[in-house]
$ cat protein26.cif   # mmCIF, C-alpha atoms
data_model
#
loop_
_atom_site.label_atom_id
_atom_site.label_comp_id
_atom_site.auth_asym_id
_atom_site.auth_seq_id
_atom_site.Cartn_x
_atom_site.Cartn_y
_atom_site.Cartn_z
CA MET R 1 -54.62 54.34 -20.07
CA ALA R 2 -51.33 54.17 -18.20
CA SER R 3 -51.59 52.92 -14.64
CA LYS R 4 -50.56 55.18 -11.81
CA GLU R 5 -47.15 54.51 -10.37
CA ILE R 6 -45.88 55.33 -6.92
CA ALA R 7 -43.52 58.31 -7.07
CA ARG R 8 -42.69 58.37 -3.34
CA GLU R 9 -44.30 57.46 -0.07
CA LEU R 10 -44.18 57.98 3.68
CA PRO R 11 -45.36 54.73 5.27
CA PRO R 12 -47.78 54.35 6.93
CA LEU R 13 -49.07 57.88 6.42
CA LEU R 14 -49.43 58.54 2.69
CA ARG R 15 -48.37 57.83 -0.86
CA VAL R 16 -47.69 60.15 -3.82
CA TYR R 17 -48.29 58.93 -7.39
CA ASN R 18 -46.55 59.96 -10.58
CA ASP R 19 -49.59 61.98 -11.69
CA GLY R 20 -49.28 64.13 -8.56
CA THR R 21 -52.25 62.68 -6.67
CA VAL R 22 -51.83 61.95 -2.98
CA GLU R 23 -53.41 59.03 -1.12
CA ARG R 24 -53.63 59.45 2.66
CA PHE R 25 -54.05 56.36 4.82
CA LEU R 26 -54.53 58.01 8.20
CA GLY R 27 -56.61 60.91 9.48
CA SER R 28 -60.19 61.46 10.54
CA PRO R 29 -63.01 62.61 8.22
CA HIS R 30 -64.03 66.23 7.88
CA VAL R 31 -67.15 67.27 9.78
CA PRO R 32 -69.20 70.48 9.48
CA PRO R 33 -69.22 73.18 12.16
CA SER R 34 -72.07 73.04 14.64
CA LEU R 35 -74.48 75.82 15.54
CA LEU R 36 -74.75 74.25 18.99
CA ASP R 37 -72.75 71.16 19.90
CA PRO R 38 -75.15 68.86 21.81
CA GLU R 39 -72.50 67.76 24.33
CA THR R 40 -70.74 71.05 25.11
CA LEU R 41 -73.19 73.70 23.81
CA VAL R 42 -70.24 75.27 21.99
CA SER R 43 -71.01 77.02 18.69
CA SER R 44 -68.60 76.87 15.75
CA LYS R 45 -68.32 78.28 12.25
CA ASP R 46 -65.81 78.30 9.40
CA ILE R 47 -64.16 81.47 8.11
CA VAL R 48 -61.86 82.38 5.22
CA ILE R 49 -58.65 84.18 6.13
CA SER R 50 -57.02 84.25 2.70
CA GLU R 51 -58.09 83.17 -0.78
CA ASN R 52 -54.54 83.04 -2.15
CA PRO R 53 -52.90 81.23 -0.54
CA SER R 54 -55.88 79.28 0.77
CA ILE R 55 -55.99 79.79 4.56
CA SER R 56 -59.11 79.30 6.64
CA ALA R 57 -60.12 78.49 10.19
CA ARG R 58 -62.85 77.07 12.39
CA VAL R 59 -63.86 79.37 15.24
CA TYR R 60 -65.40 78.06 18.48
CA LEU R 61 -67.51 80.13 20.87
CA PRO R 62 -68.47 78.63 24.25
CA PRO R 63 -71.85 79.28 25.86
CA LYS R 64 -71.88 82.60 27.69
CA LEU R 65 -71.39 82.48 31.43
CA ASN R 66 -74.07 85.14 31.71
CA ASN R 67 -76.26 87.17 29.39
CA SER R 68 -73.93 90.17 29.26
CA HIS R 69 -72.80 91.08 25.75
CA GLN R 70 -69.83 92.88 27.32
CA GLN R 71 -68.24 89.66 28.57
CA LYS R 72 -64.90 89.05 26.85
CA LEU R 73 -63.23 85.66 26.56
CA PRO R 74 -59.56 84.64 26.27
CA ILE R 75 -58.50 83.85 22.70
CA PHE R 76 -56.68 80.60 21.87
CA VAL R 77 -55.22 80.27 18.36
CA TYR R 78 -54.66 76.55 17.75
CA PHE R 79 -52.54 74.74 15.15
CA HIS R 80 -53.52 71.10 14.58
CA GLY R 81 -51.07 68.21 14.44
CA GLY R 82 -50.63 65.50 11.83
CA ALA R 83 -46.95 65.47 10.79
CA PHE R 84 -47.54 68.54 8.57
CA CYS R 85 -49.26 66.25 6.03
CA LEU R 86 -52.40 64.86 7.73
CA GLU R 87 -55.51 66.02 9.56
CA SER R 88 -57.32 69.34 9.35
CA ALA R 89 -58.93 72.09 11.38
CA PHE R 90 -62.17 70.57 10.06
CA SER R 91 -61.47 66.95 11.01
CA PHE R 92 -63.65 65.03 13.43
CA LEU R 93 -60.89 64.48 16.00
CA HIS R 94 -59.90 68.13 16.27
CA HIS R 95 -63.50 69.36 16.12
CA ARG R 96 -64.42 67.14 19.09
CA TYR R 97 -61.26 68.08 20.99
CA LEU R 98 -61.63 71.84 20.55
CA ASN R 99 -65.30 71.75 21.50
CA LEU R 100 -64.10 70.32 24.81
CA ILE R 101 -61.30 72.90 25.17
CA ALA R 102 -63.63 75.82 24.41
CA SER R 103 -66.23 74.52 26.85
CA GLU R 104 -63.86 73.66 29.71
CA ALA R 105 -61.63 76.73 29.41
CA LYS R 106 -64.35 79.20 28.42
CA VAL R 107 -62.17 80.49 25.60
CA LEU R 108 -62.76 81.59 22.02
CA VAL R 109 -60.76 79.14 19.86
CA VAL R 110 -59.46 79.84 16.34
CA SER R 111 -58.30 76.57 14.77
CA VAL R 112 -56.14 77.32 11.74
CA GLU R 113 -56.41 75.38 8.48
CA TYR R 114 -52.94 75.64 6.94
CA ARG R 115 -51.80 74.03 3.69
CA LEU R 116 -50.44 70.49 3.98
CA ALA R 117 -47.41 68.77 2.52
CA PRO R 118 -46.59 67.18 0.15
CA GLU R 119 -48.87 69.25 -2.12
CA ASN R 120 -47.50 72.32 -0.34
CA PRO R 121 -44.11 71.48 1.18
CA LEU R 122 -42.82 73.34 4.20
CA PRO R 123 -42.38 76.18 4.95
CA ALA R 124 -45.97 76.70 3.65
CA ALA R 125 -47.55 75.63 6.97
CA TYR R 126 -45.37 78.09 8.89
CA GLU R 127 -46.16 80.92 6.49
CA ASP R 128 -49.91 80.21 6.55
CA SER R 129 -50.00 80.00 10.34
CA TRP R 130 -48.13 83.30 10.69
CA GLU R 131 -50.53 84.99 8.28
CA ALA R 132 -53.46 83.56 10.27
CA LEU R 133 -51.96 84.89 13.49
CA LYS R 134 -51.58 88.34 11.97
CA TRP R 135 -55.16 88.20 10.68
CA VAL R 136 -56.61 87.28 14.08
CA THR R 137 -54.65 89.98 15.92
CA SER R 138 -55.65 92.58 13.32
CA HIS R 139 -59.09 92.53 15.00
CA PHE R 140 -57.61 94.18 18.11
CA ASN R 141 -59.19 97.62 18.59
CA SER R 142 -60.86 97.41 15.20
CA ASN R 143 -64.19 96.54 13.62
CA LYS R 144 -62.77 94.07 11.14
CA SER R 145 -64.51 91.21 9.42
CA GLU R 146 -65.03 88.58 12.14
CA PRO R 147 -67.70 89.65 14.68
CA TRP R 148 -67.00 86.85 17.18
CA LEU R 149 -63.44 88.11 17.59
CA VAL R 150 -64.49 91.75 17.82
CA GLU R 151 -67.44 91.21 20.16
CA HIS R 152 -66.21 88.35 22.35
CA GLY R 153 -62.41 88.21 22.18
CA ASP R 154 -60.19 89.58 24.95
CA PHE R 155 -56.91 90.43 23.22
CA ASN R 156 -55.26 91.06 26.57
CA ARG R 157 -55.60 87.32 27.21
CA PHE R 158 -54.24 85.97 23.94
CA TYR R 159 -52.76 82.46 23.69
CA ILE R 160 -51.49 80.15 20.97
CA GLY R 161 -50.69 76.44 20.94
CA GLY R 162 -50.97 73.10 19.26
CA ASP R 163 -50.26 69.39 19.34
CA THR R 164 -47.19 67.65 17.87
CA ALA R 165 -46.51 69.34 14.47
CA GLY R 166 -48.92 72.09 15.52
CA ALA R 167 -46.91 72.57 18.72
CA ASN R 168 -43.82 72.95 16.55
CA VAL R 169 -45.64 75.63 14.55
CA ALA R 170 -46.68 77.40 17.76
CA HIS R 171 -43.12 77.35 19.11
CA ASN R 172 -41.76 78.90 15.92
CA ALA R 173 -44.51 81.50 15.87
CA VAL R 174 -43.90 82.61 19.45
CA LEU R 175 -40.17 82.72 18.79
CA ARG R 176 -40.81 84.94 15.77
CA VAL R 177 -43.07 87.14 17.90
CA GLY R 178 -40.13 87.74 20.24
CA VAL R 179 -38.31 89.39 17.34
CA GLU R 180 -41.20 90.91 15.35
CA SER R 181 -43.78 91.85 18.00
CA GLU R 182 -44.90 94.93 16.09
CA THR R 183 -46.30 92.72 13.31
CA LEU R 184 -49.11 91.52 15.63
CA TRP R 185 -50.80 94.92 15.91
CA GLY R 186 -49.57 95.45 19.45
CA VAL R 187 -51.12 92.22 20.77
CA LYS R 188 -48.92 90.42 23.31
CA ILE R 189 -49.03 86.64 23.56
CA ALA R 190 -49.71 85.65 27.15
CA GLY R 191 -48.68 82.03 26.78
CA VAL R 192 -48.17 79.02 24.52
CA VAL R 193 -49.36 75.40 24.91
CA LEU R 194 -46.96 72.82 23.44
CA ALA R 195 -48.55 69.38 23.64
CA PHE R 196 -46.20 66.52 22.65
CA PRO R 197 -44.15 68.88 20.47
CA LEU R 198 -42.41 67.65 17.33
CA PHE R 199 -38.71 68.52 17.57
CA TRP R 200 -35.75 66.51 16.31
CA SER R 201 -32.06 66.72 15.42
CA SER R 202 -29.24 64.76 13.82
CA GLU R 203 -28.11 63.41 17.20
CA PRO R 204 -30.13 61.53 19.84
CA VAL R 205 -30.83 63.22 23.16
CA LEU R 206 -31.43 61.96 26.70
CA SER R 207 -32.57 58.30 26.57
CA GLU R 208 -33.08 58.08 22.79
CA MET R 209 -31.37 55.03 21.29
CA VAL R 210 -28.49 55.47 18.85
CA GLU R 211 -29.40 52.25 17.04
CA GLY R 212 -32.05 52.95 14.40
CA PHE R 213 -31.95 56.68 15.02
CA GLU R 214 -31.36 57.51 11.35
CA GLU R 215 -34.60 55.67 10.49
CA SER R 216 -36.69 57.40 13.17
CA SER R 217 -40.18 58.40 12.09
CA ALA R 218 -39.59 62.06 12.95
CA MET R 219 -36.54 62.17 10.68
CA GLN R 220 -38.40 60.48 7.83
CA VAL R 221 -41.36 62.84 8.19
CA TRP R 222 -39.15 65.94 8.10
CA LYS R 223 -37.30 64.79 4.97
CA PHE R 224 -40.64 64.13 3.28
CA VAL R 225 -42.48 67.35 4.21
CA TYR R 226 -39.47 69.68 3.80
CA PRO R 227 -37.08 68.01 1.36
CA ASP R 228 -35.23 71.26 0.63
CA ALA R 229 -34.81 72.34 4.25
CA PRO R 230 -31.53 74.22 4.69
CA GLY R 231 -29.54 72.18 7.18
CA GLY R 232 -31.88 69.20 6.82
CA ILE R 233 -32.95 67.78 10.18
CA ASP R 234 -30.85 70.43 11.95
CA ASN R 235 -32.86 73.26 10.44
CA PRO R 236 -33.83 75.55 13.36
CA LEU R 237 -37.53 75.03 12.59
CA ILE R 238 -37.28 71.38 13.70
CA ASN R 239 -34.16 71.64 15.90
CA PRO R 240 -34.56 74.67 18.23
CA LEU R 241 -31.01 74.14 19.54
CA ALA R 242 -29.34 73.97 16.12
CA SER R 243 -26.36 76.12 15.33
CA GLY R 244 -27.65 79.53 14.30
CA ALA R 245 -31.12 79.01 15.80
CA PRO R 246 -32.64 82.03 17.56
CA SER R 247 -32.08 82.01 21.31
CA LEU R 248 -34.93 80.54 23.34
CA ALA R 249 -34.42 83.50 25.66
CA SER R 250 -36.32 85.56 23.06
CA LEU R 251 -39.59 83.57 23.26
CA GLY R 252 -42.30 86.19 22.81
CA CYS R 253 -44.67 85.24 25.63
CA HIS R 254 -44.87 85.15 29.42
CA LYS R 255 -45.47 81.45 30.07
CA VAL R 256 -45.10 78.06 28.37
CA LEU R 257 -46.93 74.81 29.15
CA ILE R 258 -45.40 71.60 27.76
CA PHE R 259 -46.94 68.11 27.82
CA VAL R 260 -45.07 64.83 27.29
CA ALA R 261 -46.43 61.27 27.34
CA GLY R 262 -44.57 58.29 28.76
CA LYS R 263 -45.04 56.01 25.72
CA ASP R 264 -44.46 58.72 23.10
CA ASP R 265 -41.33 58.55 20.91
CA LEU R 266 -41.21 62.36 21.18
CA ARG R 267 -41.17 62.28 24.99
CA ASP R 268 -37.48 63.10 25.40
CA ARG R 269 -37.74 65.97 22.92
CA GLY R 270 -40.32 67.73 25.08
CA ILE R 271 -38.11 67.29 28.15
CA TRP R 272 -35.04 68.41 26.16
CA TYR R 273 -36.87 71.54 25.04
CA TYR R 274 -38.10 72.27 28.58
CA ASP R 275 -34.56 71.98 29.94
CA ALA R 276 -33.23 74.24 27.17
CA VAL R 277 -35.82 76.93 27.89
CA LYS R 278 -34.97 76.78 31.60
CA LYS R 279 -31.26 77.24 30.83
CA SER R 280 -31.72 79.92 28.17
CA GLY R 281 -32.19 82.87 30.47
CA TRP R 282 -35.77 83.41 29.30
CA GLU R 283 -37.60 85.37 31.98
CA GLY R 284 -41.02 83.70 31.71
CA ASP R 285 -42.54 80.69 33.49
CA VAL R 286 -42.21 77.26 31.89
CA GLU R 287 -43.95 74.12 33.16
CA LEU R 288 -43.54 70.51 32.09
CA VAL R 289 -46.42 68.05 32.61
CA ARG R 290 -45.48 64.37 32.30
CA VAL R 291 -48.29 61.87 31.77
CA GLU R 292 -46.95 58.36 32.29
CA GLY R 293 -48.33 55.31 30.52
CA GLU R 294 -49.92 57.21 27.64
CA GLU R 295 -49.33 57.33 23.89
CA HIS R 296 -48.77 60.29 21.58
CA CYS R 297 -51.68 62.79 21.59
CA PHE R 298 -53.85 60.42 23.60
CA GLN R 299 -56.14 63.23 24.77
CA ILE R 300 -57.30 63.84 21.19
CA TYR R 301 -57.95 60.19 20.37
CA HIS R 302 -59.49 59.26 23.74
CA PRO R 303 -60.78 62.43 25.43
CA GLU R 304 -63.06 60.46 27.75
CA THR R 305 -60.28 58.95 29.89
CA GLU R 306 -59.23 60.37 33.25
CA ASN R 307 -55.74 61.25 32.00
CA SER R 308 -57.23 63.04 28.98
CA LYS R 309 -59.62 64.97 31.18
CA GLY R 310 -56.63 65.93 33.32
CA VAL R 311 -54.78 67.33 30.30
CA ILE R 312 -57.81 69.31 29.13
CA SER R 313 -58.37 70.65 32.66
CA ARG R 314 -54.71 71.70 32.93
CA ILE R 315 -54.89 73.52 29.59
CA ALA R 316 -58.08 75.24 30.75
CA SER R 317 -56.41 76.47 33.94
CA PHE R 318 -53.52 77.83 31.83
CA LEU R 319 -55.78 79.82 29.48
CA VAL R 320 -56.97 82.42 31.97
#

$ encode --input "protein26.cif" --output "structure tokens"
Amino acid sequence: MASKEIARELPPLLRVYNDGTVERFLGSPHVPPSLLDPETLVSSKDIVISENPSISARVYLPPKLNNSHQQKLPIFVYFHGGAFCLESAFSFLHHRYLNLIASEAKVLVVSVEYRLAPENPLPAAYEDSWEALKWVTSHFNSNKSEPWLVEHGDFNRFYIGGDTAGANVAHNAVLRVGVESETLWGVKIAGVVLAFPLFWSSEPVLSEMVEGFEESSAMQVWKFVYPDAPGGIDNPLINPLASGAPSLASLGCHKVLIFVAGKDDLRDRGIWYYDAVKKSGWEGDVELVRVEGEEHCFQIYHPETENSKGVISRIASFLV
């Protein structure tokens, strides 16, 4: 039997072999949903959005503030991070994190399971996430298939967001909403949470170093997950200020909340994006939260720290 050979790899994240199999070196294990999380009392369940392509989600319902069945909760559609090639809506880290978000914010969370690269190169994740967004909003003023959305979701308080690659997905979705709002069944997006968003370009910005820029991890990730991207690293999906990119003035929501971390290599990109939104003429409210001394997505890895609790509390106060 011929031994497997490495076809290509993205150190230290994953490796692809010549037989098509993929070996991932990072990421947390999948965990089942919980009828009642012992720490937060949040309930969760998994749902199928589409069989082909395969799109699913984990839905989180916080404990009711009272016994009224009429009480409606804000809806938060969440796209997980992981460089478009790692992690899952069903992973331990995101399950723990979204239990905390649902509990603290008292929101109904829909965490989208989109297809990952390299098995499904971009733009698959964008397409899946858009289809999921359309599926969730199709429950507005209807008796469609998911009772938690129909019975408990307040579509007048509808939010989307994500971390790192998921924040990139959320940005592109809300930008698309600004142009194609009718495709979301009349639902308006109140706001978007962009935590440590993954943006990049062919030129460094702000305090980014010129030396070694071509070998930056963000650039390597993009080439790996979207090898055929028109424009390469200056494709508007990864570079929102690229030539020909839609104007940020057309963001299809009322408010944007951006987080950056002091020790994160993506820090300047979040600030760059914030400045660009401010200058674009967009008429909504944009806020930048800087957390000094912290690493990329620290609130997911270490939710027990004071800074992490501060991030979760700030997100909760945004989702009202």

$ resolve_selection --input "protein26.cif" --expression "the PyMOL selection byres ((chain R and resi 175) around 8)" --output "list of chain:residue names"
R:His171, R:Asn172, R:Ala173, R:Val174, R:Arg176, R:Val177, R:Gly178, R:Val179, R:Pro246, R:Leu248, R:Ser250, R:Leu251, R:Gly252

$ resolve_selection --input "protein26.cif" --expression "the PyMOL selection byres ((chain R and resi 30) around 10)" --output "PyMOL selection string"
chain R and resi 27-29+31-33+87-95

$ write_last_selection --input "protein26.cif" --atoms "C-alpha atoms" --output "PDB file, keeping the file's coordinate frame"
ATOM      1  CA  GLY R  27     -56.610  60.910   9.480  1.00  0.00           C
ATOM      2  CA  SER R  28     -60.190  61.460  10.540  1.00  0.00           C
ATOM      3  CA  PRO R  29     -63.010  62.610   8.220  1.00  0.00           C
ATOM      4  CA  VAL R  31     -67.150  67.270   9.780  1.00  0.00           C
ATOM      5  CA  PRO R  32     -69.200  70.480   9.480  1.00  0.00           C
ATOM      6  CA  PRO R  33     -69.220  73.180  12.160  1.00  0.00           C
ATOM      7  CA  GLU R  87     -55.510  66.020   9.560  1.00  0.00           C
ATOM      8  CA  SER R  88     -57.320  69.340   9.350  1.00  0.00           C
ATOM      9  CA  ALA R  89     -58.930  72.090  11.380  1.00  0.00           C
ATOM     10  CA  PHE R  90     -62.170  70.570  10.060  1.00  0.00           C
ATOM     11  CA  SER R  91     -61.470  66.950  11.010  1.00  0.00           C
ATOM     12  CA  PHE R  92     -63.650  65.030  13.430  1.00  0.00           C
ATOM     13  CA  LEU R  93     -60.890  64.480  16.000  1.00  0.00           C
ATOM     14  CA  HIS R  94     -59.900  68.130  16.270  1.00  0.00           C
ATOM     15  CA  HIS R  95     -63.500  69.360  16.120  1.00  0.00           C
TER      16      HIS R  95
END

$ resolve_selection --input "protein26.cif" --expression "the PyMOL selection byres ((chain R and resi 255-268) around 8)" --output "number ranges by chain"
R: 190-199, 205-208, 253-254, 269-272, 274, 284-297, 318

$ atom_distance --input "protein26.cif" --atom1 "CA of Val221 in chain R" --atom2 "CA of Leu116 in chain R"
12.6 Å

$ atom_distance --input "protein26.cif" --atom1 "CA of Pro11 in chain R" --atom2 "CA of Gly212 in chain R"
16.2 Å

$ closest_residue --input "protein26.cif" --among "R:Ser111, R:Asn239, R:Ser3, R:Asn18" --to "Ser44 in chain R" --atoms "all atoms listed in the file"
R:Ser111

$ closest_residue --input "protein26.cif" --among "R:Ala170, R:Glu211, R:Asn99, R:Gln220" --to "Pro12 in chain R" --atoms "all atoms listed in the file"
R:Gln220

$ residues_near_point --input "protein26.cif" --point "(-53.2, 78.1, 23.0)" --cutoff "7 Å" --atoms "all atoms listed in the file" --output "number ranges by chain"
R: 76-78, 159-162, 192-193

$ closest_residue --input "protein26.cif" --among "R:Leu98, R:Leu41, R:Val225, R:Leu36" --to "Gln299 in chain R" --atoms "all atoms listed in the file"
R:Leu98

$ residues_around --input "protein26.cif" --residues "range 122-137 of chain R" --least-positions-apart "4" --cutoff "8 Å" --atoms "all atoms listed in the file" --output "list in words"
Ile49, Pro53, Ile55, Ser56, Val77, Phe79, Phe84, Val112, Tyr114, Arg115, Leu116, Ala117, Leu149, Phe155, Val169, Asn172, Ala173, Thr183, Leu184, Trp185, Val187, Val225 and Tyr226 of chain R

$ axis_aligned_box --input "protein26.cif" --around "range 303-309 of chain R" --padding-each-side "5 Å" --output "AutoDock Vina command-line options"
--center_x -59.4 --center_y 62.0 --center_z 29.3 --size_x 17.3 --size_y 16.0 --size_z 17.8

$ atom_distance --input "protein26.cif" --atom1 "CA of Ala165 in chain R" --atom2 "CA of Ala83 in chain R"
5.4 Å

$ closest_residue --input "protein26.cif" --among "R:Trp148, R:Phe298, R:Trp222, R:Phe25" --to "Leu73 in chain R" --atoms "only C-alpha atoms"
R:Trp148

$ residues_around --input "protein26.cif" --residues "Asp46 in chain R" --least-positions-apart "4" --cutoff "7 Å" --atoms "only C-alpha atoms" --output "count of residues only"
4

$ residues_around --input "protein26.cif" --residues "Phe213 in chain R" --least-positions-apart "3" --cutoff "9 Å" --atoms "all atoms listed in the file" --output "number ranges by chain"
R: 202-204, 208-210, 216-217, 219

$ closest_residue --input "protein26.cif" --among "R:Arg24, R:Pro121, R:Tyr60, R:Lys45" --to "Phe224 in chain R" --atoms "only C-alpha atoms"
R:Pro121

$ residues_around --input "protein26.cif" --residues "Val42 in chain R" --least-positions-apart "2" --cutoff "10 Å" --atoms "all atoms listed in the file" --output "PyMOL selection string"
chain R and resi 34-40+44+60-64+98-103+106+108

$ write_last_selection --input "protein26.cif" --atoms "C-alpha atoms" --output "PDB file, keeping the file's coordinate frame"
ATOM      1  CA  SER R  34     -72.070  73.040  14.640  1.00  0.00           C
ATOM      2  CA  LEU R  35     -74.480  75.820  15.540  1.00  0.00           C
ATOM      3  CA  LEU R  36     -74.750  74.250  18.990  1.00  0.00           C
ATOM      4  CA  ASP R  37     -72.750  71.160  19.900  1.00  0.00           C
ATOM      5  CA  PRO R  38     -75.150  68.860  21.810  1.00  0.00           C
ATOM      6  CA  GLU R  39     -72.500  67.760  24.330  1.00  0.00           C
ATOM      7  CA  THR R  40     -70.740  71.050  25.110  1.00  0.00           C
ATOM      8  CA  SER R  44     -68.600  76.870  15.750  1.00  0.00           C
ATOM      9  CA  TYR R  60     -65.400  78.060  18.480  1.00  0.00           C
ATOM     10  CA  LEU R  61     -67.510  80.130  20.870  1.00  0.00           C
ATOM     11  CA  PRO R  62     -68.470  78.630  24.250  1.00  0.00           C
ATOM     12  CA  PRO R  63     -71.850  79.280  25.860  1.00  0.00           C
ATOM     13  CA  LYS R  64     -71.880  82.600  27.690  1.00  0.00           C
ATOM     14  CA  LEU R  98     -61.630  71.840  20.550  1.00  0.00           C
ATOM     15  CA  ASN R  99     -65.300  71.750  21.500  1.00  0.00           C
ATOM     16  CA  LEU R 100     -64.100  70.320  24.810  1.00  0.00           C
ATOM     17  CA  ILE R 101     -61.300  72.900  25.170  1.00  0.00           C
ATOM     18  CA  ALA R 102     -63.630  75.820  24.410  1.00  0.00           C
ATOM     19  CA  SER R 103     -66.230  74.520  26.850  1.00  0.00           C
ATOM     20  CA  LYS R 106     -64.350  79.200  28.420  1.00  0.00           C
ATOM     21  CA  LEU R 108     -62.760  81.590  22.020  1.00  0.00           C
TER      22      LEU R 108
END

$ closest_residue --input "protein26.cif" --among "R:Ser54, R:Gly82, R:Lys223, R:Ile315" --to "Arg8 in chain R" --atoms "only C-alpha atoms"
R:Lys223
